[in-house]
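S.K.: The structure follows.
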Amino acid sequence: MKKILITLAAVLWLCTQGFAAAQDAPTGKWWRLPRVAKRLNLSQEEKKKLDELFTQSRRNLIRLKSKVEEERFELEDLLEKEFLDESAVMEQFRRLEKARNDLAEGRFRFLLGVRKIIGFERFELLKGIYRHFRQRARQGKTGPRPWRGGP
């Protein structure tokens, strides 16, 4: 029984770490930053479409995050019971993983929407800007933002 609990805890931790590492996309309303919008040559119509996509996506992600938290709570509750029902724990673990997958899919759908709006070339440019920004942030560098003269 102890071995099962340790294994489940390790799997939960690994899933959480992998999920966080998989998020390799800009967050927030980056298209509202004047230098980014200029570098990507975004029109007012594209900004409006991105705003609408963001709002729709954000509402959905809030709902999906809530579902993940609910399923995580239920799993923790089952694991804390004196008598372990292994089949119930595994079923709840599957529900949690499905909720996590749904959340990841929701985030990915936002990226697909962005890609549809700005097209291939500007999407590649955006990825380069973001990579450069992350690299500078990891190095602890401050100063000019990558879109001021970065990639």
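A note on labels: chains of the structure tokens are A, B, ... as shown, every chain counts residues from 1, and ligands are counted from 1 in their shown order.
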Any chance you could tabulate, as a Markdown table, the residues of range 55-128 of chain A at most 9 Å from range 26-41 of chain A with each one's nearest atom pair and distance in Å to one decimal, using only C-alpha atoms, in chain and rising number order?
M.R.:
| residue | atom | partner | partner_atom | distance |
| --- | --- | --- | --- | --- |
| A:Ile118 | CA | A:Leu40 | CA | 8.3 |
| A:Arg122 | CA | A:Leu40 | CA | 5.8 |
| A:Phe123 | CA | A:Leu40 | CA | 8.5 |
| A:Leu125 | CA | A:Leu40 | CA | 7.3 |
| A:Leu126 | CA | A:Leu40 | CA | 7.3 |
| A:Lys127 | CA | A:Pro26 | CA | 8.2 |
S.K.: Can I get the selected residues back with C-alpha atoms, as an mmCIF file, in the first residue's frame?
M.R.:
data_model
loop_
_atom_site.group_PDB
_atom_site.id
_atom_site.type_symbol
_atom_site.label_atom_id
_atom_site.label_comp_id
_atom_site.auth_asym_id
_atom_site.auth_seq_id
_atom_site.Cartn_x
_atom_site.Cartn_y
_atom_site.Cartn_z
ATOM 1 C CA ILE A 118 -1.302 35.964 -37.846
ATOM 2 C CA ARG A 122 4.576 36.105 -38.244
ATOM 3 C CA PHE A 123 3.925 33.111 -35.989
ATOM 4 C CA LEU A 125 8.706 35.560 -35.807
ATOM 5 C CA LEU A 126 6.619 35.580 -32.618
ATOM 6 C CA LYS A 127 8.202 32.301 -31.500
#
S.K.: Between CA of Arg107 in chain A and CA of Arg58 in chain A, what is the distance, to one decimal in Å?
M.R.: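 Atom-to-atom, CA of Arg107 in chain A to CA of Arg58 in chain A, that is 9.1 Å.
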S.K.: For Lys49 in chain A, which of A:Ile117, A:Leu96, A:Leu103, A:Ala137 is the closest residue, counting only C-alpha atoms?
M.R.: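 Under the stated criterion, the closest residue is A:Ile117.
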S.K.: Tell me, as a list of chain:residue names, which residues lie within 7 Å of Leu50 in chain A, counting only C-alpha atoms; anything in the same chain fewer than 4 positions away does not count.
M.R.: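 So, after excluding close chain neighbours, the residues are A:Glu46, A:Phe54, A:Val114.
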S.K.: Between CA of Leu112 in chain A and CA of Arg94 in chain A, what is the spacing in Å?
M.R.: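 That distance, rounded to one decimal, is 26.3 Å.
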